[in-house]
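Structure data follow from my_file-v1.csv (CSV, C-alpha atoms):
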```csv
chain,number,residue,atom,x,y,z
A,1,MET,CA,85.8,33.5,207.2
A,2,SER,CA,83.8,36.3,205.6
A,3,THR,CA,83.8,36.9,201.9
A,4,SER,CA,85.3,40.4,202.3
A,5,LEU,CA,88.1,39.0,204.4
A,6,THR,CA,88.8,36.3,201.9
A,7,GLN,CA,88.9,38.8,199.1
A,8,SER,CA,91.3,41.0,201.1
A,9,THR,CA,93.6,38.1,201.7
A,10,LYS,CA,93.6,37.2,198.0
A,11,GLN,CA,94.3,40.7,197.0
A,12,LYS,CA,97.3,40.8,199.4
A,13,GLN,CA,98.6,37.5,198.0
A,14,LEU,CA,98.3,38.7,194.4
A,15,ALA,CA,100.0,42.0,195.3
A,16,ALA,CA,102.9,40.0,196.9
A,17,LEU,CA,103.1,37.8,193.9
A,18,ARG,CA,103.4,40.8,191.6
A,19,GLU,CA,105.9,42.5,193.9
A,20,PHE,CA,108.3,39.6,194.2
A,21,SER,CA,107.9,38.6,190.5
A,22,ASN,CA,108.9,42.0,189.4
A,23,ASN,CA,111.8,42.4,191.8
A,24,THR,CA,113.8,39.4,192.9
A,25,ASN,CA,116.4,41.4,194.8
A,26,ALA,CA,117.2,40.5,198.4
A,27,ARG,CA,115.1,42.6,200.8
A,28,LEU,CA,116.1,44.6,203.9
A,29,PRO,CA,112.9,44.6,206.1
A,30,VAL,CA,112.8,47.9,208.1
A,31,LEU,CA,110.0,48.4,210.6
A,32,PHE,CA,109.7,51.9,212.1
A,33,LEU,CA,107.9,51.7,215.5
A,34,LEU,CA,107.1,55.4,216.4
A,35,ASP,CA,105.7,56.9,219.5
A,36,ALA,CA,102.5,58.8,218.6
A,37,SER,CA,101.3,59.5,222.1
A,38,SER,CA,100.1,63.0,223.0
A,39,SER,CA,103.4,64.0,224.4
A,40,MET,CA,104.8,64.1,220.9
A,41,ASN,CA,103.0,67.4,220.6
A,42,GLY,CA,105.8,68.8,222.8
A,43,ILE,CA,107.3,72.0,221.4
A,44,VAL,CA,110.8,71.9,219.9
A,45,ARG,CA,111.1,75.5,219.0
A,46,GLY,CA,109.0,78.6,218.2
A,47,ASP,CA,108.6,82.3,218.9
A,48,ASN,CA,107.0,84.2,221.8
A,49,GLN,CA,106.5,81.1,223.8
A,50,HIS,CA,104.4,81.2,227.0
A,51,ILE,CA,103.6,78.4,229.4
A,52,LEU,CA,99.8,78.2,229.9
A,53,ARG,CA,99.7,75.2,232.4
A,54,GLN,CA,101.1,71.8,233.1
A,55,GLU,CA,99.6,68.4,232.2
A,56,TYR,CA,100.6,64.9,233.2
A,57,SER,CA,101.1,62.5,230.3
A,58,ASP,CA,103.2,59.4,229.7
A,59,GLY,CA,104.5,59.5,233.3
A,60,ILE,CA,105.9,63.0,233.0
A,61,ASN,CA,104.6,66.5,233.7
A,62,TRP,CA,104.6,68.6,230.5
A,63,ASN,CA,104.3,72.3,230.0
A,64,ILE,CA,101.4,73.4,227.7
A,65,VAL,CA,102.8,76.2,225.6
A,66,THR,CA,101.4,78.9,223.3
A,67,GLY,CA,103.3,81.0,220.8
A,68,ASP,CA,104.1,81.7,217.2
A,69,ASN,CA,105.6,79.4,214.5
A,70,LEU,CA,105.6,76.5,216.9
A,71,VAL,CA,107.3,73.2,215.8
A,72,THR,CA,106.5,70.0,217.6
A,73,ARG,CA,108.4,66.8,218.0
A,74,MET,CA,105.9,65.2,215.6
A,75,ASP,CA,106.6,67.9,213.0
A,76,GLU,CA,110.3,67.1,213.3
A,77,LEU,CA,109.7,63.3,213.2
A,78,ASN,CA,107.7,63.7,210.0
A,79,ALA,CA,110.4,65.8,208.4
A,80,GLY,CA,112.9,63.1,209.3
A,81,LEU,CA,110.7,60.3,207.9
A,82,GLN,CA,110.3,62.2,204.6
A,83,ARG,CA,114.0,62.6,204.4
A,84,PHE,CA,114.4,58.8,204.7
A,85,ILE,CA,111.8,58.3,202.0
A,86,SER,CA,113.4,60.8,199.6
A,87,ASP,CA,116.8,59.3,200.1
A,88,ILE,CA,115.7,55.8,199.4
A,89,LEU,CA,113.8,56.9,196.3
A,90,ALA,CA,116.9,58.6,195.0
A,91,ASP,CA,119.0,55.4,195.2
A,92,HIS,CA,118.0,52.7,192.7
A,93,LEU,CA,119.5,49.8,194.5
A,94,ALA,CA,118.3,50.8,197.9
A,95,LYS,CA,114.8,51.4,196.4
A,96,LEU,CA,114.7,47.8,195.2
A,97,ALA,CA,116.1,46.3,198.5
A,98,THR,CA,114.5,48.4,201.3
A,99,ASP,CA,111.2,46.9,202.4
A,100,VAL,CA,109.5,49.3,204.9
A,101,ALA,CA,106.7,49.2,207.4
A,102,VAL,CA,105.6,52.1,209.7
A,103,MET,CA,103.7,51.5,212.9
A,104,THR,CA,102.8,54.0,215.6
A,105,PHE,CA,101.9,53.3,219.2
A,106,ALA,CA,100.4,55.0,222.3
A,107,ARG,CA,97.7,53.0,224.1
A,108,THR,CA,97.0,51.2,220.9
A,109,VAL,CA,99.1,50.3,217.8
A,110,ALA,CA,98.3,51.5,214.3
A,111,THR,CA,99.8,50.5,211.0
A,112,VAL,CA,100.6,53.6,208.9
A,113,LYS,CA,102.3,51.7,206.1
A,114,GLU,CA,102.2,48.0,205.6
A,115,PHE,CA,105.4,46.2,204.5
A,116,GLY,CA,106.4,47.0,200.9
A,117,PRO,CA,108.8,49.1,198.9
A,118,ILE,CA,109.1,52.9,199.1
A,119,ARG,CA,107.0,54.4,196.4
A,120,GLU,CA,106.6,58.0,195.1
A,121,SER,CA,103.2,58.1,196.8
A,122,ASP,CA,104.9,57.6,200.2
A,123,SER,CA,106.1,61.2,199.8
A,124,GLU,CA,102.7,62.2,201.2
A,125,LEU,CA,103.1,59.9,204.3
A,126,ARG,CA,102.5,61.8,207.5
A,127,ILE,CA,102.1,60.6,211.1
A,128,THR,CA,99.5,62.2,213.3
A,129,THR,CA,99.6,62.5,217.1
A,130,SER,CA,97.2,60.4,219.0
A,131,GLN,CA,95.0,61.7,221.9
A,132,GLU,CA,96.0,58.7,224.0
A,133,ASN,CA,98.2,59.5,226.9
A,134,GLU,CA,99.6,56.0,227.5
A,135,THR,CA,102.8,54.5,226.1
A,136,LEU,CA,102.4,50.8,225.9
A,137,LEU,CA,105.8,50.2,224.5
A,138,GLY,CA,106.2,46.5,225.2
A,139,GLU,CA,102.9,45.6,223.7
A,140,ALA,CA,103.9,47.6,220.6
A,141,VAL,CA,107.2,45.9,220.3
A,142,GLU,CA,105.6,42.5,220.6
A,143,LEU,CA,103.2,43.3,217.7
A,144,ALA,CA,106.2,44.6,215.6
A,145,LEU,CA,108.1,41.4,216.1
A,146,SER,CA,105.0,39.5,214.9
A,147,GLU,CA,104.9,41.7,211.8
A,148,LEU,CA,108.5,41.0,211.1
A,149,ASP,CA,108.0,37.3,211.5
A,150,SER,CA,105.1,37.4,209.1
A,151,ARG,CA,107.1,39.3,206.5
A,152,LYS,CA,110.0,36.8,206.7
A,153,ARG,CA,107.5,34.0,206.1
A,154,THR,CA,106.3,35.8,203.0
A,155,TYR,CA,109.9,36.1,201.7
A,156,ARG,CA,110.5,32.4,202.2
A,157,LYS,CA,107.2,31.6,200.5
A,158,HIS,CA,108.2,33.5,197.4
A,159,GLY,CA,111.9,32.3,197.5
A,160,VAL,CA,113.3,35.8,198.2
A,161,GLU,CA,116.5,36.3,200.2
A,162,TYR,CA,116.5,38.9,203.0
A,163,TYR,CA,119.0,40.7,205.2
A,164,GLN,CA,118.9,40.8,208.9
A,165,PRO,CA,115.7,42.7,209.8
A,166,TRP,CA,115.8,46.1,211.4
A,167,LEU,CA,113.4,47.3,214.2
A,168,ILE,CA,113.7,51.0,214.8
A,169,VAL,CA,112.0,52.3,217.9
A,170,MET,CA,111.5,56.0,218.8
A,171,THR,CA,109.8,57.2,221.9
A,172,ASP,CA,109.7,60.3,224.2
A,173,GLY,CA,107.8,58.9,227.1
A,174,VAL,CA,108.1,56.5,230.0
A,175,PRO,CA,106.5,53.1,229.3
A,176,THR,CA,103.2,52.8,231.2
A,177,SER,CA,103.3,49.1,231.5
A,178,ALA,CA,106.1,46.6,232.3
A,179,ARG,CA,105.6,44.4,229.2
A,180,HIS,CA,108.8,45.7,227.5
A,181,ARG,CA,110.8,44.3,230.4
A,182,GLU,CA,109.4,40.8,229.8
A,183,LEU,CA,110.7,40.9,226.2
A,184,GLU,CA,114.3,41.4,227.2
A,185,LYS,CA,115.3,37.7,226.9
A,186,ARG,CA,113.6,37.2,223.6
A,187,LEU,CA,115.2,40.2,222.1
A,188,LYS,CA,118.6,39.2,223.4
A,189,GLU,CA,118.2,35.8,221.8
A,190,LEU,CA,117.2,37.3,218.4
A,191,THR,CA,120.0,39.8,218.3
A,192,ALA,CA,122.6,37.2,219.4
A,193,ALA,CA,121.5,34.9,216.7
A,194,ARG,CA,121.7,37.7,214.1
A,195,LYS,CA,118.0,37.4,213.4
A,196,LEU,CA,117.3,41.0,214.3
A,197,SER,CA,119.0,44.4,214.6
A,198,VAL,CA,117.3,46.8,217.0
A,199,PHE,CA,117.8,50.6,217.1
A,200,VAL,CA,116.2,52.4,220.0
A,201,PHE,CA,116.2,56.2,220.1
A,202,GLY,CA,115.0,58.2,223.1
A,203,ILE,CA,113.5,61.7,222.5
A,204,GLY,CA,113.4,64.5,225.0
A,205,ARG,CA,113.1,63.1,228.5
A,206,ALA,CA,112.7,59.5,227.5
A,207,ASP,CA,113.7,56.9,230.1
A,208,LEU,CA,116.9,55.5,228.6
A,209,SER,CA,117.5,53.1,231.4
A,210,GLY,CA,114.1,51.6,231.0
A,211,LEU,CA,114.6,51.4,227.2
A,212,SER,CA,117.8,49.4,227.6
A,213,CYS,CA,115.9,46.1,228.0
A,214,ILE,CA,114.6,46.3,224.4
A,215,SER,CA,118.0,47.4,223.0
A,216,PRO,CA,120.3,44.5,223.8
A,217,GLU,CA,122.6,45.0,220.8
A,218,ARG,CA,123.5,48.6,221.4
A,219,PRO,CA,122.6,51.1,224.1
A,220,PRO,CA,119.6,53.3,223.5
A,221,MET,CA,120.5,56.8,222.3
A,222,GLN,CA,119.0,60.1,223.3
A,223,ILE,CA,118.5,62.1,220.2
A,224,ASN,CA,118.5,65.8,219.7
A,225,GLU,CA,114.9,66.4,218.8
A,226,GLN,CA,115.9,69.1,216.3
A,227,LYS,CA,118.1,66.7,214.4
A,228,PHE,CA,115.5,64.2,213.1
A,229,PRO,CA,116.4,64.8,209.4
A,230,GLU,CA,120.0,64.1,210.1
A,231,LEU,CA,119.1,60.9,212.0
A,232,PHE,CA,116.9,59.6,209.2
A,233,ALA,CA,119.6,60.5,206.7
A,234,TRP,CA,122.0,58.3,208.6
A,235,LEU,CA,119.4,55.5,208.6
A,236,SER,CA,119.0,55.8,204.8
A,237,ARG,CA,122.8,55.8,204.3
A,238,SER,CA,123.0,52.7,206.4
A,239,ALA,CA,120.2,51.0,204.4
A,240,ARG,CA,122.1,51.8,201.2
A,241,MET,CA,125.3,50.2,202.6
A,242,VAL,CA,123.4,47.0,203.5
A,243,SER,CA,121.7,46.9,200.0
A,244,MET,CA,125.2,46.8,198.4
A,245,SER,CA,126.2,43.7,200.4
A,246,MET,CA,125.2,40.1,200.2
A,247,PRO,CA,122.7,38.6,202.7
A,248,GLY,CA,124.7,37.2,205.6
A,249,ASP,CA,127.6,39.5,205.2
A,250,GLY,CA,128.6,41.6,208.2
A,251,VAL,CA,128.1,45.3,207.5
A,252,SER,CA,129.8,47.9,209.8
A,253,LEU,CA,127.6,51.0,209.9
A,254,THR,CA,129.2,54.4,210.2
A,255,PRO,CA,128.8,56.1,213.6
A,256,LEU,CA,126.0,58.7,214.0
A,257,PRO,CA,127.1,62.3,213.5
A,258,ASP,CA,127.9,63.9,216.9
A,259,ASP,CA,125.3,66.6,216.6
A,260,VAL,CA,122.5,64.0,216.2
A,261,TRP,CA,122.7,62.8,219.7
A,262,GLN,CA,124.2,65.8,221.5
A,263,VAL,CA,121.2,67.4,223.4
```
If you convert what's in this file into structure tokens, what do you get?
Amino acid sequence: MSTSLTQSTKQKQLAALREFSNNTNARLPVLFLLDASSSMNGIVRGDNQHILRQEYSDGINWNIVTGDNLVTRMDELNAGLQRFISDILADHLAKLATDVAVMTFARTVATVKEFGPIRESDSELRITTSQENETLLGEAVELALSELDSRKRTYRKHGVEYYQPWLIVMTDGVPTSARHRELEKRLKELTAARKLSVFVFGIGRADLSGLSCISPERPPMQINEQKFPELFAWLSRSARMVSMSMPGDGVSLTPLPDDVWQV
């Protein structure tokens, strides 16, 4: 092991020690796994729109559009993520309990935010669109599950209780490999044992039938792509509800507002 890697590991261990020493509250691990493939540049709204050409990406033909005041899916997704962050920061108990990681995926997976509490500095967090056209969803979910397992081991090491972890997946494309189908049994076992709660949201023309194999607990939902802030507000309210309970308690989440999923 190199010296730099050893120092990095020690720094992470010290940071975790400080984090859990200063805050002994039970944690709700929330991992956002967000599609960052090039199709997330799709236009949601704008003025004077004109179609320039079509391009094939993520298994779908997309219109390439020009115009004024254009707002993309990624713009809306970032607005929603910022809503979640501001809501958590505004609630003292949820701020102590909610432990968030953000990962993006296209052909490769990137960590935008490592697991940890929401901080004021996260108000600057933004996701950028990749130039990669593939959507390797299954590979991304597999890495996300590994991250959640690692975080749970950290909790146990420091004697910190935790709630049932959340995996929140958002994608607008068609998976370009079959790996996600191979994870169906594992995800069913995890959710049946109450070791994981999965929320899968399809954006635009996402293939909901294909996404159902990674969403065993509840059907994947197609989301109105102009309602990301409302969706993330529901997620933050749900996180606050969990933070007011005891680990192991069953918490019934309120239904999503109708306008969030009506497209």
Practice problem: May I ask which of the residues A:Glu161, A:Val100, A:Ala140, A:Thr128 is the closest one to Met246 of chain A, counting all atoms listed in the file? | Solution: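 Residue with the minimum atom-to-atom distance to Met246 of chain A: A:Glu161.
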Quiz item: Between A:Ala106, A:Thr154, A:Ile43, A:Arg83, which is the closest to Val65 of chain A once you count all atoms listed in the file?
Solution: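 Using all atoms listed in the file, the shortest distance to Val65 of chain A belongs to A:Ile43.
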With 12 Å as the cut-off and all atoms listed in the file counted, what is the closest atom pair between each nearby residue of segment 16-49 of chain A and segment 188-198 of chain A? Distances in Å to one decimal, ordered by chain and number, as JSON lines.
```
{"residue": "A:Leu28", "atom": "CA", "partner": "A:Leu196", "partner_atom": "CA", "distance": 11.1}
{"residue": "A:Pro29", "atom": "CA", "partner": "A:Leu196", "partner_atom": "CA", "distance": 10.0}
{"residue": "A:Val30", "atom": "CA", "partner": "A:Ser197", "partner_atom": "CA", "distance": 9.6}
{"residue": "A:Leu31", "atom": "CA", "partner": "A:Val198", "partner_atom": "CA", "distance": 9.8}
{"residue": "A:Phe32", "atom": "CA", "partner": "A:Val198", "partner_atom": "CA", "distance": 10.4}
{"residue": "A:Leu33", "atom": "CA", "partner": "A:Val198", "partner_atom": "CA", "distance": 10.7}
```
Quiz item: So which one's closest to Glu114 of chain A, A:Phe228, A:Pro165, A:Ala144, A:Ile85? Using all atoms listed in the file, please.
Solution: A:Ala144
Quiz item: Which residue out of A:Val44, A:Leu70, A:Ala233, A:Met170 has the minimum interatomic distance to Val141 of chain A when all atoms listed in the file are used?
Solution: A:Met170
Self-check item: Contacts of Arg218 of chain A at 9 Å (all atoms listed in the file; same-chain gap of 5+ positions) as a list in words
Solution: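 My list of contacting residues is Val198, Phe199, Val200 and Ser212 of chain A.
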Around all the atoms of segment 209-218 of chain A listed in the file, with 8 Å of room on each side, what axis-aligned box do you get, giving centre and edge lengths in Å to one decimal, as lines of an AutoDock Vina configuration file?
```
center_x = 118.8
center_y = 48.8
center_z = 226.1
size_x = 25.4
size_y = 24.6
size_z = 26.6
```
Could you give me, as a CSV table (one decimal) with C-alpha atoms, in the frame of the given file, the residues within 10 Å of Arg73 of chain A, counting only C-alpha atoms and dropping anything in the same chain fewer than 6 positions from it?
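Written output follows (result_4.csv):
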```csv
chain,number,residue,atom,x,y,z
A,36,ALA,CA,102.5,58.8,218.6
A,39,SER,CA,103.4,64.0,224.4
A,40,MET,CA,104.8,64.1,220.9
A,41,ASN,CA,103.0,67.4,220.6
A,42,GLY,CA,105.8,68.8,222.8
A,43,ILE,CA,107.3,72.0,221.4
A,44,VAL,CA,110.8,71.9,219.9
A,45,ARG,CA,111.1,75.5,219.0
A,79,ALA,CA,110.4,65.8,208.4
A,129,THR,CA,99.6,62.5,217.1
A,172,ASP,CA,109.7,60.3,224.2
A,203,ILE,CA,113.5,61.7,222.5
A,204,GLY,CA,113.4,64.5,225.0
A,225,GLU,CA,114.9,66.4,218.8
A,226,GLN,CA,115.9,69.1,216.3
A,228,PHE,CA,115.5,64.2,213.1
```
Practice problem: Select, counting only C-alpha atoms, all protein, DNA and RNA residues no farther than 8 Å from (107.6, 44.6, 199.2) in file coordinates, and express the selection as a ChimeraX atom specification. | Solution: /A:16,19-20,27,99-100,115-117
Output file for the residues above (C-alpha atoms, as an mmCIF file, in the coordinates of the input):
```cif
data_model
loop_
_atom_site.group_PDB
_atom_site.id
_atom_site.type_symbol
_atom_site.label_atom_id
_atom_site.label_comp_id
_atom_site.auth_asym_id
_atom_site.auth_seq_id
_atom_site.Cartn_x
_atom_site.Cartn_y
_atom_site.Cartn_z
ATOM 1 C CA ALA A 16 102.900 40.000 196.900
ATOM 2 C CA GLU A 19 105.900 42.500 193.900
ATOM 3 C CA PHE A 20 108.300 39.600 194.200
ATOM 4 C CA ARG A 27 115.100 42.600 200.800
ATOM 5 C CA ASP A 99 111.200 46.900 202.400
ATOM 6 C CA VAL A 100 109.500 49.300 204.900
ATOM 7 C CA PHE A 115 105.400 46.200 204.500
ATOM 8 C CA GLY A 116 106.400 47.000 200.900
ATOM 9 C CA PRO A 117 108.800 49.100 198.900
#
```
Quiz prompt | Distance of atom CA of Glu139 of chain A from atom CA of Val174 of chain A, expressed in Å to one decimal place | solution = 13.6 Å
